[in-house]
file final_29.pdb (PDB, C-alpha atoms)
ATOM      1  CA  MET A   1      39.915  30.648 -12.728
ATOM      2  CA  VAL A   2      38.402  27.785 -14.619
ATOM      3  CA  ASP A   3      34.897  28.991 -13.884
ATOM      4  CA  GLU A   4      35.754  32.366 -15.377
ATOM      5  CA  GLU A   5      36.727  30.733 -18.651
ATOM      6  CA  LYS A   6      33.656  28.541 -18.558
ATOM      7  CA  LEU A   7      31.420  31.567 -18.022
ATOM      8  CA  GLN A   8      32.995  33.321 -20.981
ATOM      9  CA  LYS A   9      32.498  30.257 -23.149
ATOM     10  CA  LEU A  10      28.900  29.922 -22.001
ATOM     11  CA  LYS A  11      28.253  33.567 -22.799
ATOM     12  CA  GLU A  12      29.505  33.064 -26.328
ATOM     13  CA  ARG A  13      27.427  29.950 -26.747
ATOM     14  CA  ILE A  14      24.315  31.738 -25.496
ATOM     15  CA  GLN A  15      24.894  34.585 -27.896
ATOM     16  CA  THR A  16      25.339  32.321 -30.892
ATOM     17  CA  ALA A  17      22.282  30.333 -29.857
ATOM     18  CA  LYS A  18      20.250  33.496 -29.492
ATOM     19  CA  ALA A  19      21.370  34.712 -32.890
ATOM     20  CA  THR A  20      20.466  31.491 -34.677
ATOM     21  CA  ASN A  21      17.275  30.484 -32.878
ATOM     22  CA  THR A  22      13.976  32.237 -33.143
ATOM     23  CA  PRO A  23      12.511  32.930 -29.729
ATOM     24  CA  TYR A  24      10.221  30.286 -28.336
ATOM     25  CA  GLN A  25       6.628  31.357 -28.718
ATOM     26  CA  LYS A  26       4.438  30.416 -25.834
ATOM     27  CA  THR A  27       1.148  29.212 -27.176
ATOM     28  CA  LYS A  28      -1.663  29.563 -24.734
ATOM     29  CA  LYS A  29      -3.796  26.502 -24.964
ATOM     30  CA  ASP A  30      -6.635  26.390 -22.513
ATOM     31  CA  ASN A  31      -7.348  22.999 -21.101
ATOM     32  CA  GLY A  32     -11.158  22.854 -20.992
ATOM     33  CA  ALA A  33     -11.410  19.380 -19.473
ATOM     34  CA  GLY A  34      -8.909  20.209 -16.752
ATOM     35  CA  PHE A  35     -10.770  23.372 -15.895
ATOM     36  CA  GLY A  36     -14.115  21.605 -15.698
ATOM     37  CA  PHE A  37     -12.548  18.927 -13.559
ATOM     38  CA  LYS A  38     -11.159  21.496 -11.153
ATOM     39  CA  ILE A  39     -14.570  23.116 -10.729
ATOM     40  CA  SER A  40     -16.423  19.821 -10.296
ATOM     41  CA  THR A  41     -14.061  18.543  -7.591
ATOM     42  CA  GLU A  42     -14.661  21.735  -5.620
ATOM     43  CA  ILE A  43     -18.437  21.208  -5.666
ATOM     44  CA  ILE A  44     -18.208  17.474  -4.954
ATOM     45  CA  ALA A  45     -15.778  17.930  -2.052
ATOM     46  CA  ALA A  46     -18.024  20.483  -0.359
ATOM     47  CA  LEU A  47     -21.082  18.270  -0.892
ATOM     48  CA  VAL A  48     -19.262  15.263   0.580
ATOM     49  CA  VAL A  49     -18.371  17.250   3.688
ATOM     50  CA  GLY A  50     -21.908  18.648   3.969
ATOM     51  CA  VAL A  51     -23.549  15.237   3.652
ATOM     52  CA  GLY A  52     -21.001  13.736   6.053
ATOM     53  CA  ILE A  53     -21.742  16.340   8.723
ATOM     54  CA  GLY A  54     -25.467  15.893   8.111
ATOM     55  CA  LEU A  55     -25.279  12.136   8.613
ATOM     56  CA  ILE A  56     -23.185  12.499  11.776
ATOM     57  CA  VAL A  57     -25.595  15.091  13.198
ATOM     58  CA  ASP A  58     -28.549  12.817  12.436
ATOM     59  CA  LYS A  59     -26.863   9.839  14.052
ATOM     60  CA  TYR A  60     -25.976  11.547  17.320
ATOM     61  CA  LEU A  61     -28.878  13.979  17.714
ATOM     62  CA  GLY A  62     -31.556  11.720  16.246
ATOM     63  CA  THR A  63     -32.865  14.459  13.985
ATOM     64  CA  LYS A  64     -33.224  12.212  10.953
ATOM     65  CA  PRO A  65     -33.664  13.400   8.201
ATOM     66  CA  PHE A  66     -33.440  17.145   8.872
ATOM     67  CA  GLY A  67     -29.722  17.285   9.610
ATOM     68  CA  LEU A  68     -28.973  15.667   6.277
ATOM     69  CA  ILE A  69     -31.320  18.002   4.402
ATOM     70  CA  ILE A  70     -29.977  21.157   6.014
ATOM     71  CA  PHE A  71     -26.310  20.240   5.752
ATOM     72  CA  PHE A  72     -26.748  19.033   2.190
ATOM     73  CA  ILE A  73     -27.965  22.522   1.305
ATOM     74  CA  PHE A  74     -25.087  24.085   3.267
ATOM     75  CA  GLY A  75     -22.686  21.788   1.448
ATOM     76  CA  ALA A  76     -24.077  22.800  -1.937
ATOM     77  CA  LEU A  77     -23.769  26.474  -1.028
ATOM     78  CA  ALA A  78     -20.211  25.927   0.193
ATOM     79  CA  GLY A  79     -19.476  24.232  -3.132
ATOM     80  CA  PHE A  80     -20.633  27.300  -5.026
ATOM     81  CA  LEU A  81     -18.578  29.475  -2.696
ATOM     82  CA  ASN A  82     -15.509  27.350  -3.501
ATOM     83  CA  VAL A  83     -16.168  27.689  -7.228
ATOM     84  CA  TYR A  84     -16.559  31.426  -6.852
ATOM     85  CA  ARG A  85     -13.209  31.616  -5.043
ATOM     86  CA  VAL A  86     -11.463  29.523  -7.685
ATOM     87  CA  MET A  87     -12.863  31.734 -10.422
ATOM     88  CA  ARG A  88     -11.769  34.883  -8.622
ATOM     89  CA  ARG A  89      -8.257  33.452  -8.192
ATOM     90  CA  ILE A  90      -8.064  32.585 -11.889
ATOM     91  CA  GLU A  91      -9.272  36.027 -12.923
ATOM     92  CA  LYS A  92      -6.640  37.663 -10.731
ATOM     93  CA  GLN A  93      -3.833  35.908 -12.595
TER      94      GLN A  93
ATOM     95  CA  MET B   1     -11.621  -7.222 -21.714
ATOM     96  CA  ALA B   2     -12.151  -9.491 -18.746
ATOM     97  CA  ALA B   3     -13.392 -12.300 -20.978
ATOM     98  CA  LYS B   4     -12.792 -15.968 -20.104
ATOM     99  CA  GLY B   5     -11.946 -15.071 -16.530
ATOM    100  CA  GLU B   6      -8.594 -13.648 -17.550
ATOM    101  CA  LYS B   7      -7.201 -10.704 -15.683
ATOM    102  CA  HIS B   8      -6.914  -8.008 -18.312
ATOM    103  CA  SER B   9      -8.983  -5.310 -16.707
ATOM    104  CA  PRO B  10      -7.714  -1.747 -17.158
ATOM    105  CA  LEU B  11      -8.054  -1.423 -13.405
ATOM    106  CA  GLU B  12      -5.763  -4.352 -12.687
ATOM    107  CA  GLN B  13      -2.770  -2.021 -12.517
ATOM    108  CA  PHE B  14      -4.103  -0.397  -9.364
ATOM    109  CA  GLU B  15      -4.172  -3.632  -7.409
ATOM    110  CA  ILE B  16      -2.186  -3.654  -4.172
ATOM    111  CA  ILE B  17       0.067  -6.689  -4.007
ATOM    112  CA  PRO B  18       1.588  -7.311  -0.578
ATOM    113  CA  PHE B  19       5.120  -8.664  -0.683
ATOM    114  CA  THR B  20       5.229  -9.509   2.998
ATOM    115  CA  ARG B  21       2.451 -10.123   5.450
ATOM    116  CA  THR B  22       3.096  -8.084   8.541
ATOM    117  CA  GLU B  23       0.542  -7.151  11.150
ATOM    118  CA  ILE B  24       1.177  -5.130  14.266
ATOM    119  CA  GLY B  25      -1.547  -4.508  16.793
ATOM    120  CA  GLY B  26      -4.299  -5.454  14.346
ATOM    121  CA  TYR B  27      -3.038  -3.062  11.693
ATOM    122  CA  ASP B  28      -1.906  -4.409   8.355
ATOM    123  CA  ILE B  29       1.481  -2.859   7.641
ATOM    124  CA  SER B  30       2.568  -5.250   4.893
ATOM    125  CA  PHE B  31       5.252  -4.102   2.515
ATOM    126  CA  THR B  32       3.331  -3.741  -0.762
ATOM    127  CA  ASN B  33       4.045  -2.677  -4.333
ATOM    128  CA  SER B  34       2.757   0.759  -3.270
ATOM    129  CA  SER B  35       5.379   0.968  -0.517
ATOM    130  CA  LEU B  36       8.062  -0.171  -2.938
ATOM    131  CA  SER B  37       7.001   2.523  -5.385
ATOM    132  CA  MET B  38       7.227   5.165  -2.666
ATOM    133  CA  ILE B  39      10.687   3.972  -1.628
ATOM    134  CA  ILE B  40      11.830   4.098  -5.267
ATOM    135  CA  THR B  41      10.439   7.642  -5.496
ATOM    136  CA  VAL B  42      12.256   8.821  -2.390
ATOM    137  CA  ALA B  43      15.460   7.111  -3.558
ATOM    138  CA  VAL B  44      15.217   8.723  -7.002
ATOM    139  CA  ILE B  45      14.650  12.177  -5.480
ATOM    140  CA  THR B  46      17.488  11.838  -2.974
ATOM    141  CA  LEU B  47      19.977  10.425  -5.459
ATOM    142  CA  PHE B  48      19.070  12.855  -8.218
ATOM    143  CA  LEU B  49      19.217  15.960  -6.055
ATOM    144  CA  THR B  50      22.394  15.037  -4.189
ATOM    145  CA  LEU B  51      24.320  13.742  -7.182
ATOM    146  CA  THR B  52      23.402  16.517  -9.602
ATOM    147  CA  VAL B  53      24.256  19.401  -7.289
ATOM    148  CA  ASN B  54      27.354  17.671  -5.955
ATOM    149  CA  PRO B  55      29.887  19.404  -8.288
ATOM    150  CA  ARG B  56      28.484  22.798  -7.182
ATOM    151  CA  SER B  57      29.874  24.398 -10.322
ATOM    152  CA  LEU B  58      29.197  28.035 -11.089
ATOM    153  CA  VAL B  59      28.264  27.138 -14.631
ATOM    154  CA  PRO B  60      25.826  24.328 -14.033
ATOM    155  CA  THR B  61      25.723  21.163 -16.072
ATOM    156  CA  ARG B  62      22.398  20.205 -17.593
ATOM    157  CA  MET B  63      21.502  17.927 -14.708
ATOM    158  CA  GLN B  64      22.473  20.485 -12.082
ATOM    159  CA  LEU B  65      20.346  22.993 -13.953
ATOM    160  CA  ILE B  66      17.312  20.733 -13.635
ATOM    161  CA  SER B  67      17.771  20.535  -9.858
ATOM    162  CA  GLU B  68      18.247  24.268  -9.614
ATOM    163  CA  LEU B  69      15.184  24.900 -11.757
ATOM    164  CA  MET B  70      13.062  22.748  -9.454
ATOM    165  CA  TYR B  71      14.422  24.565  -6.420
ATOM    166  CA  ASN B  72      13.799  27.966  -7.981
ATOM    167  CA  PHE B  73      10.352  26.953  -9.134
ATOM    168  CA  VAL B  74       9.148  26.109  -5.630
ATOM    169  CA  ALA B  75      11.010  29.023  -4.035
ATOM    170  CA  GLN B  76       9.388  31.414  -6.508
ATOM    171  CA  LEU B  77       5.983  29.863  -5.903
ATOM    172  CA  LEU B  78       6.322  30.365  -2.156
ATOM    173  CA  SER B  79       7.569  33.931  -2.353
ATOM    174  CA  ASP B  80       4.817  34.841  -4.838
ATOM    175  CA  THR B  81       1.974  33.438  -2.764
ATOM    176  CA  VAL B  82       3.105  33.663   0.863
ATOM    177  CA  GLY B  83       5.804  36.334   0.721
ATOM    178  CA  ASP B  84       8.685  36.547   3.172
ATOM    179  CA  ASN B  85       6.905  34.396   5.743
ATOM    180  CA  GLY B  86       6.986  31.533   3.275
ATOM    181  CA  LYS B  87      10.722  30.878   3.429
ATOM    182  CA  LYS B  88      10.557  28.591   6.449
ATOM    183  CA  TYR B  89       7.977  26.368   4.768
ATOM    184  CA  PHE B  90      10.206  25.783   1.754
ATOM    185  CA  PRO B  91      11.492  22.360   2.931
ATOM    186  CA  PHE B  92       7.945  21.132   3.482
ATOM    187  CA  VAL B  93       6.489  22.402   0.218
ATOM    188  CA  PHE B  94       9.537  21.293  -1.750
ATOM    189  CA  SER B  95       9.387  17.758  -0.293
ATOM    190  CA  LEU B  96       5.681  17.571  -1.000
ATOM    191  CA  PHE B  97       6.086  18.846  -4.546
ATOM    192  CA  MET B  98       8.978  16.503  -5.319
ATOM    193  CA  PHE B  99       7.246  13.501  -3.766
ATOM    194  CA  VAL B 100       4.084  14.022  -5.817
ATOM    195  CA  LEU B 101       5.953  14.968  -9.002
ATOM    196  CA  ILE B 102       8.466  12.123  -8.961
ATOM    197  CA  GLY B 103       5.766   9.743  -7.706
ATOM    198  CA  ASN B 104       3.675  10.595 -10.761
ATOM    199  CA  MET B 105       6.698  10.304 -13.037
ATOM    200  CA  VAL B 106       7.769   6.963 -11.578
ATOM    201  CA  GLY B 107       4.207   5.844 -12.184
ATOM    202  CA  MET B 108       4.608   6.678 -15.874
ATOM    203  CA  VAL B 109       7.321   4.021 -16.213
ATOM    204  CA  PRO B 110       5.727   0.860 -17.663
ATOM    205  CA  TYR B 111       5.040  -1.916 -15.121
ATOM    206  CA  GLN B 112       5.539   0.575 -12.323
ATOM    207  CA  PHE B 113       2.856   1.108  -9.722
ATOM    208  CA  THR B 114       1.440   4.646  -9.382
ATOM    209  CA  PHE B 115       0.862   5.288  -5.702
ATOM    210  CA  THR B 116      -0.771   8.675  -6.315
ATOM    211  CA  SER B 117      -3.658   6.847  -8.010
ATOM    212  CA  HIS B 118      -4.834   5.652  -4.595
ATOM    213  CA  ILE B 119      -7.033   8.104  -2.742
ATOM    214  CA  ILE B 120      -5.763   7.042   0.662
ATOM    215  CA  VAL B 121      -2.245   8.158  -0.263
ATOM    216  CA  THR B 122      -3.315  11.537  -1.616
ATOM    217  CA  PHE B 123      -5.774  12.002   1.226
ATOM    218  CA  ALA B 124      -3.033  11.337   3.762
ATOM    219  CA  LEU B 125      -0.833  13.948   2.064
ATOM    220  CA  ALA B 126      -3.704  16.439   1.934
ATOM    221  CA  SER B 127      -4.547  15.748   5.594
ATOM    222  CA  VAL B 128      -0.981  16.536   6.624
ATOM    223  CA  VAL B 129      -1.306  19.864   4.803
ATOM    224  CA  PHE B 130      -4.750  20.562   6.242
ATOM    225  CA  ILE B 131      -3.937  19.705   9.862
ATOM    226  CA  GLY B 132      -0.584  21.476   9.645
ATOM    227  CA  VAL B 133      -2.138  24.632   8.235
ATOM    228  CA  THR B 134      -4.884  24.618  10.872
ATOM    229  CA  ILE B 135      -2.321  24.298  13.669
ATOM    230  CA  LEU B 136      -0.291  27.051  12.018
ATOM    231  CA  GLY B 137      -3.347  29.294  12.004
ATOM    232  CA  PHE B 138      -3.931  28.723  15.712
ATOM    233  CA  VAL B 139      -0.266  29.311  16.496
ATOM    234  CA  ASN B 140      -0.269  32.595  14.596
ATOM    235  CA  HIS B 141      -3.622  33.970  15.653
ATOM    236  CA  GLY B 142      -4.620  31.982  18.729
ATOM    237  CA  ILE B 143      -8.344  31.864  19.317
ATOM    238  CA  LYS B 144      -8.801  34.693  16.821
ATOM    239  CA  PHE B 145      -8.270  32.131  14.078
ATOM    240  CA  PHE B 146     -12.000  31.419  14.325
ATOM    241  CA  THR B 147     -12.673  34.836  12.828
ATOM    242  CA  PHE B 148     -11.499  33.195   9.606
ATOM    243  CA  PHE B 149     -15.066  31.915   9.293
ATOM    244  CA  TYR B 150     -16.570  35.307  10.057
ATOM    245  CA  ILE B 151     -17.042  37.554   7.079
ATOM    246  CA  PRO B 152     -16.956  41.240   7.994
ATOM    247  CA  GLY B 153     -19.429  43.675   6.486
ATOM    248  CA  VAL B 154     -22.347  41.290   6.339
ATOM    249  CA  PRO B 155     -25.673  41.900   8.153
ATOM    250  CA  PHE B 156     -25.684  40.064  11.488
ATOM    251  CA  TYR B 157     -28.703  37.900  10.623
ATOM    252  CA  MET B 158     -26.754  36.363   7.741
ATOM    253  CA  HIS B 159     -24.076  34.871  10.007
ATOM    254  CA  PRO B 160     -25.999  31.744  11.113
ATOM    255  CA  LEU B 161     -26.166  30.925   7.403
ATOM    256  CA  LEU B 162     -22.686  32.004   6.356
ATOM    257  CA  ILE B 163     -20.603  30.518   9.158
ATOM    258  CA  PRO B 164     -21.644  26.875   8.485
ATOM    259  CA  ILE B 165     -20.987  27.472   4.793
ATOM    260  CA  GLU B 166     -17.536  28.833   5.521
ATOM    261  CA  VAL B 167     -16.756  25.942   7.867
ATOM    262  CA  ILE B 168     -17.861  23.369   5.291
ATOM    263  CA  SER B 169     -15.866  25.174   2.637
ATOM    264  CA  TYR B 170     -12.816  25.001   4.904
ATOM    265  CA  LEU B 171     -13.328  21.316   5.700
ATOM    266  CA  SER B 172     -13.718  20.476   2.015
ATOM    267  CA  ARG B 173     -10.161  21.589   1.285
ATOM    268  CA  PRO B 174      -8.353  18.312   1.963
ATOM    269  CA  ILE B 175     -11.011  16.396   0.024
ATOM    270  CA  SER B 176     -10.837  18.555  -3.091
ATOM    271  CA  LEU B 177      -7.031  18.574  -2.863
ATOM    272  CA  SER B 178      -6.767  14.800  -2.655
ATOM    273  CA  VAL B 179      -9.567  13.937  -5.074
ATOM    274  CA  ARG B 180      -8.101  16.147  -7.784
ATOM    275  CA  LEU B 181      -4.701  14.453  -7.738
ATOM    276  CA  PHE B 182      -6.040  10.935  -7.289
ATOM    277  CA  ALA B 183      -8.759  11.172  -9.954
ATOM    278  CA  ASN B 184      -6.422  12.678 -12.542
ATOM    279  CA  MET B 185      -3.886   9.905 -12.112
ATOM    280  CA  LEU B 186      -6.526   7.172 -11.951
ATOM    281  CA  ALA B 187      -8.352   8.430 -15.042
ATOM    282  CA  GLY B 188      -5.176   8.920 -17.064
ATOM    283  CA  HIS B 189      -3.713   5.515 -16.318
ATOM    284  CA  THR B 190      -7.029   3.759 -16.895
ATOM    285  CA  LEU B 191      -7.409   5.525 -20.241
ATOM    286  CA  LEU B 192      -3.937   4.392 -21.299
ATOM    287  CA  LYS B 193      -4.768   0.789 -20.451
ATOM    288  CA  VAL B 194      -8.136   0.940 -22.228
ATOM    289  CA  PHE B 195      -6.463   2.134 -25.413
ATOM    290  CA  ALA B 196      -3.749  -0.473 -24.989
ATOM    291  CA  GLY B 197      -6.558  -3.030 -24.977
ATOM    292  CA  PHE B 198      -7.815  -1.639 -28.309
ATOM    293  CA  VAL B 199      -4.412  -2.225 -29.880
ATOM    294  CA  VAL B 200      -4.746  -5.945 -29.286
ATOM    295  CA  ALA B 201      -8.464  -6.163 -29.957
ATOM    296  CA  MET B 202      -8.648  -4.336 -33.311
ATOM    297  CA  PRO B 203      -8.310  -6.397 -36.477
ATOM    298  CA  PHE B 204      -5.416  -6.379 -38.971
ATOM    299  CA  PHE B 205      -3.234  -3.308 -38.787
ATOM    300  CA  THR B 206      -5.906  -0.908 -37.519
ATOM    301  CA  GLY B 207      -4.451  -1.486 -34.071
ATOM    302  CA  ALA B 208      -1.741   0.982 -35.050
ATOM    303  CA  LEU B 209      -4.248   3.837 -34.690
ATOM    304  CA  PRO B 210      -4.806   3.460 -30.939
ATOM    305  CA  LEU B 211      -1.073   2.863 -30.597
ATOM    306  CA  VAL B 212      -0.392   6.303 -32.073
ATOM    307  CA  PHE B 213      -3.009   7.683 -29.731
ATOM    308  CA  ILE B 214      -1.294   6.060 -26.743
ATOM    309  CA  VAL B 215       1.961   7.806 -27.629
ATOM    310  CA  ALA B 216       0.155  11.163 -27.653
ATOM    311  CA  LEU B 217      -1.685  10.301 -24.435
ATOM    312  CA  THR B 218       1.564   9.397 -22.697
ATOM    313  CA  GLY B 219       2.854  12.870 -23.474
ATOM    314  CA  LEU B 220      -0.339  14.354 -22.083
ATOM    315  CA  GLU B 221      -0.051  12.175 -18.985
ATOM    316  CA  ILE B 222       3.442  13.482 -18.284
ATOM    317  CA  LEU B 223       2.088  17.018 -18.586
ATOM    318  CA  ILE B 224      -0.736  16.174 -16.178
ATOM    319  CA  ALA B 225       1.711  14.516 -13.784
ATOM    320  CA  PHE B 226       3.647  17.759 -13.606
ATOM    321  CA  LEU B 227       0.535  19.947 -13.523
ATOM    322  CA  GLN B 228      -1.025  18.060 -10.622
ATOM    323  CA  ALA B 229       2.161  18.267  -8.569
ATOM    324  CA  TYR B 230       2.181  21.995  -9.297
ATOM    325  CA  VAL B 231      -1.465  22.375  -8.295
ATOM    326  CA  PHE B 232      -0.808  20.449  -5.081
ATOM    327  CA  ALA B 233       2.128  22.693  -4.236
ATOM    328  CA  ILE B 234       0.415  25.976  -5.116
ATOM    329  CA  LEU B 235      -2.690  25.119  -3.093
ATOM    330  CA  THR B 236      -0.486  24.237  -0.115
ATOM    331  CA  CYS B 237       1.142  27.659  -0.491
ATOM    332  CA  LEU B 238      -2.259  29.364  -0.663
ATOM    333  CA  TYR B 239      -3.427  27.571   2.475
ATOM    334  CA  ILE B 240      -0.256  28.572   4.315
ATOM    335  CA  ASN B 241      -0.924  32.126   3.187
ATOM    336  CA  ASP B 242      -4.479  31.900   4.552
ATOM    337  CA  ALA B 243      -3.105  30.807   7.917
ATOM    338  CA  TYR B 244      -1.122  34.057   8.035
ATOM    339  CA  HIS B 245      -3.604  36.503   6.587
ATOM    340  CA  LEU B 246      -7.157  35.844   7.661
ATOM    341  CA  HIS B 247      -9.296  37.052   4.722
TER     342      HIS B 247
END

call {"tool": "encode", "arguments": {"input": "final_29.pdb", "output": "structure tokens"}}
result
Amino acid sequence: MVDEEKLQKLKERIQTAKATNTPYQKTKKDNGAGFGFKISTEIIAALVVGVGIGLIVDKYLGTKPFGLIIFFIFGALAGFLNVYRVMRRIEKQ
Amino acid sequence: MAAKGEKHSPLEQFEIIPFTRTEIGGYDISFTNSSLSMIITVAVITLFLTLTVNPRSLVPTRMQLISELMYNFVAQLLSDTVGDNGKKYFPFVFSLFMFVLIGNMVGMVPYQFTFTSHIIVTFALASVVFIGVTILGFVNHGIKFFTFFYIPGVPFYMHPLLIPIEVISYLSRPISLSVRLFANMLAGHTLLKVFAGFVVAMPFFTGALPLVFIVALTGLEILIAFLQAYVFAILTCLYINDAYHLH
């Protein structure tokens, strides 16, 4: 089999490579900006949904401005809940 | 940069240029540079994956190895987050991952349009995930899917407060998913163009400094392009997992 030969050759090549190269060291570099960005999108997304629901409720039920106020607060709370979940997921890893 | 009415804005690159003017039933479905970019992306994915795995050799060539790595990467992601149930969603997640990844990479080619820098594109992708996952939840759990918003072990008087919060948190998923991808691509590409403007604007040979910075930024952009595709895929997996296991 050709593949058999190839495998044998590859094995040799891997062994020589392993012998000559020092193992690749994984440097853990935390990306602060990326992390902050992740958190802020969570809060903003929840606020957008909250305000959107508030405006729709106000428009159709005529409860201006209470729907907006209440759902803005709900949105903010949901944003913090999202952040909490993201943090818990990161800590688990 | 937009001095003397010239078009040199860093945001110029995101302009949609229609190649044809087509309208059906009041909807503008012109073939634009964005559409062209998407077709290039799909063509690159299809050609790359089919051609590289075509020899099907036991000892893979470098190119075949790249394809296999991508396959393994997504397969591993699914089995880690969803488990055995995740296998049937592999085609979907893999297509999504490849489309976003190669779309971002195609966008890194100079003069090439980046379709992921438009929120409507990313929002459409996120909506597909969101609606699909919601339907999946109803298929798996029926009407009991609504208990997803009900947190057990909480005093009953807290529920009027907690259920709206949970619902808003659920509805915010597609928005956070799409905004993250779109804003990263938009910000990165704008930053590159702003620094490219500095190269021309700075006197004598000092323009070399921002040029060096652009080279470094391009590397960072490629990292972000990969990272965002990964984030998109892993969040899709997590949402699929949520549709199976409420809480």

call {"tool": "atom_distance", "arguments": {"input": "final_29.pdb", "atom1": "CA of Tyr157 in chain B", "atom2": "CA of Phe145 in chain B"}}
result
21.5 Å

call {"tool": "residues_around", "arguments": {"input": "final_29.pdb", "residues": "Gly34 in chain A", "least_positions_apart": "5", "cutoff": "12 Å", "atoms": "all atoms listed in the file", "output": "short mmCIF file (atom, residue, chain, number, x, y, z; two decimals) with C-alpha atoms, in the coordinates of the input"}}
result
data_model
loop_
_atom_site.label_atom_id
_atom_site.label_comp_id
_atom_site.auth_asym_id
_atom_site.auth_seq_id
_atom_site.Cartn_x
_atom_site.Cartn_y
_atom_site.Cartn_z
CA LYS A 29 -3.80 26.50 -24.96
CA ILE A 39 -14.57 23.12 -10.73
CA SER A 40 -16.42 19.82 -10.30
CA THR A 41 -14.06 18.54 -7.59
CA ARG B 180 -8.10 16.15 -7.78
CA LEU B 181 -4.70 14.45 -7.74
CA ALA B 183 -8.76 11.17 -9.95
CA ASN B 184 -6.42 12.68 -12.54
CA ALA B 187 -8.35 8.43 -15.04
CA GLY B 188 -5.18 8.92 -17.06
CA LEU B 220 -0.34 14.35 -22.08
CA LEU B 223 2.09 17.02 -18.59
CA ILE B 224 -0.74 16.17 -16.18
CA LEU B 227 0.54 19.95 -13.52
CA GLN B 228 -1.02 18.06 -10.62
CA VAL B 231 -1.46 22.38 -8.30
#

call {"tool": "closest_atom_pairs", "arguments": {"input": "final_29.pdb", "of": "chain A", "to": "chain B", "cutoff": "7 Å", "atoms": "only C-alpha atoms", "output": "CSV"}}
result
residue,atom,partner,partner_atom,distance
A:Asp3,CA,B:Leu58,CA,6.4
A:Lys6,CA,B:Val59,CA,6.8
A:Leu7,CA,B:Val59,CA,6.4
A:Thr41,CA,B:Ser176,CA,5.5
A:Glu42,CA,B:Ser176,CA,5.6
A:Ala45,CA,B:Ser176,CA,5.1
A:Ala46,CA,B:Ser172,CA,4.9
A:Val49,CA,B:Ser172,CA,5.9
A:Gly50,CA,B:Ile168,CA,6.4
A:Phe74,CA,B:Ile165,CA,5.5
A:Gly75,CA,B:Ile168,CA,6.4
A:Leu77,CA,B:Ile165,CA,6.5
A:Ala78,CA,B:Ile165,CA,4.9
A:Gly79,CA,B:Ser169,CA,6.9
A:Asn82,CA,B:Ser169,CA,6.5

call {"tool": "resolve_selection", "arguments": {"input": "final_29.pdb", "expression": "the PyMOL selection byres ((chain B and resi 98) around 12)", "output": "PyMOL selection string"}}
result
chain B and resi 38+41-46+48-49+67+70-71+73-74+90-97+99-106+225-226+228-230+232-233

call {"tool": "axis_aligned_box", "arguments": {"input": "final_29.pdb", "around": "range 72-91 of chain B", "padding_each_side": "6 Å", "output": "JSON"}}
result
{"center_x": 7.9, "center_y": 29.5, "center_z": -1.3, "size_x": 23.8, "size_y": 26.2, "size_z": 27.6}

call {"tool": "residues_around", "arguments": {"input": "final_29.pdb", "residues": "Asn85 in chain B", "least_positions_apart": "6", "cutoff": "9 Å", "atoms": "only C-alpha atoms", "output": "list in words"}}
result
Leu78, Ser79, Asn241 and Tyr244 of chain B

call {"tool": "resolve_selection", "arguments": {"input": "final_29.pdb", "expression": "the PyMOL selection byres ((chain B and resi 210) around 8)", "output": "PyMOL selection string"}}
result
chain B and resi 195-196+198-199+206-209+211-214

call {"tool": "residues_around", "arguments": {"input": "final_29.pdb", "residues": "Val57 in chain A", "least_positions_apart": "6", "cutoff": "9 Å", "atoms": "only C-alpha atoms", "output": "MDAnalysis selection string"}}
result
chainID A and resid 63:64 67:68

call {"tool": "atom_distance", "arguments": {"input": "final_29.pdb", "atom1": "CA of Glu68 in chain B", "atom2": "CA of Lys9 in chain A"}}
result
20.5 Å

call {"tool": "atom_distance", "arguments": {"input": "final_29.pdb", "atom1": "CA of Phe19 in chain B", "atom2": "CA of Met185 in chain B"}}
result
23.6 Å

call {"tool": "resolve_selection", "arguments": {"input": "final_29.pdb", "expression": "the PyMOL selection byres ((chain B and resi 80-82) around 10)", "output": "PyMOL selection string"}}
result
chain B and resi 74-79+83-87+89+234-245

call {"tool": "residues_near_point", "arguments": {"input": "final_29.pdb", "point": "(-11.2, 31.7, 9.2)", "cutoff": "8 Å", "atoms": "all atoms listed in the file", "output": "ChimeraX atom specification"}}
result
/B:145-150,166,246-247

call {"tool": "decode", "arguments": {"input": "final_29.pdb", "residues": "range 44-62 of chain A", "atoms": "C-alpha atoms", "output": "mmCIF file, in the first residue's frame"}}
result
data_model
loop_
_atom_site.group_PDB
_atom_site.id
_atom_site.type_symbol
_atom_site.label_atom_id
_atom_site.label_comp_id
_atom_site.auth_asym_id
_atom_site.auth_seq_id
_atom_site.Cartn_x
_atom_site.Cartn_y
_atom_site.Cartn_z
ATOM 1 C CA ILE A 44 -27.296 47.399 24.913
ATOM 2 C CA ALA A 45 -29.198 44.566 23.214
ATOM 3 C CA ALA A 46 -31.416 44.016 26.248
ATOM 4 C CA LEU A 47 -32.039 47.762 26.576
ATOM 5 C CA VAL A 48 -32.966 48.012 22.888
ATOM 6 C CA VAL A 49 -35.500 45.214 23.275
ATOM 7 C CA GLY A 50 -36.873 46.725 26.496
ATOM 8 C CA VAL A 51 -37.286 50.188 24.990
ATOM 9 C CA GLY A 52 -38.773 48.683 21.822
ATOM 10 C CA ILE A 53 -41.408 46.761 23.777
ATOM 11 C CA GLY A 54 -42.092 49.855 25.877
ATOM 12 C CA LEU A 55 -42.684 52.018 22.816
ATOM 13 C CA ILE A 56 -44.949 49.409 21.208
ATOM 14 C CA VAL A 57 -46.964 49.027 24.424
ATOM 15 C CA ASP A 58 -47.340 52.804 24.683
ATOM 16 C CA LYS A 59 -48.445 53.090 21.074
ATOM 17 C CA TYR A 60 -51.146 50.430 21.223
ATOM 18 C CA LEU A 61 -52.364 50.790 24.811
ATOM 19 C CA GLY A 62 -51.981 54.562 25.037
#
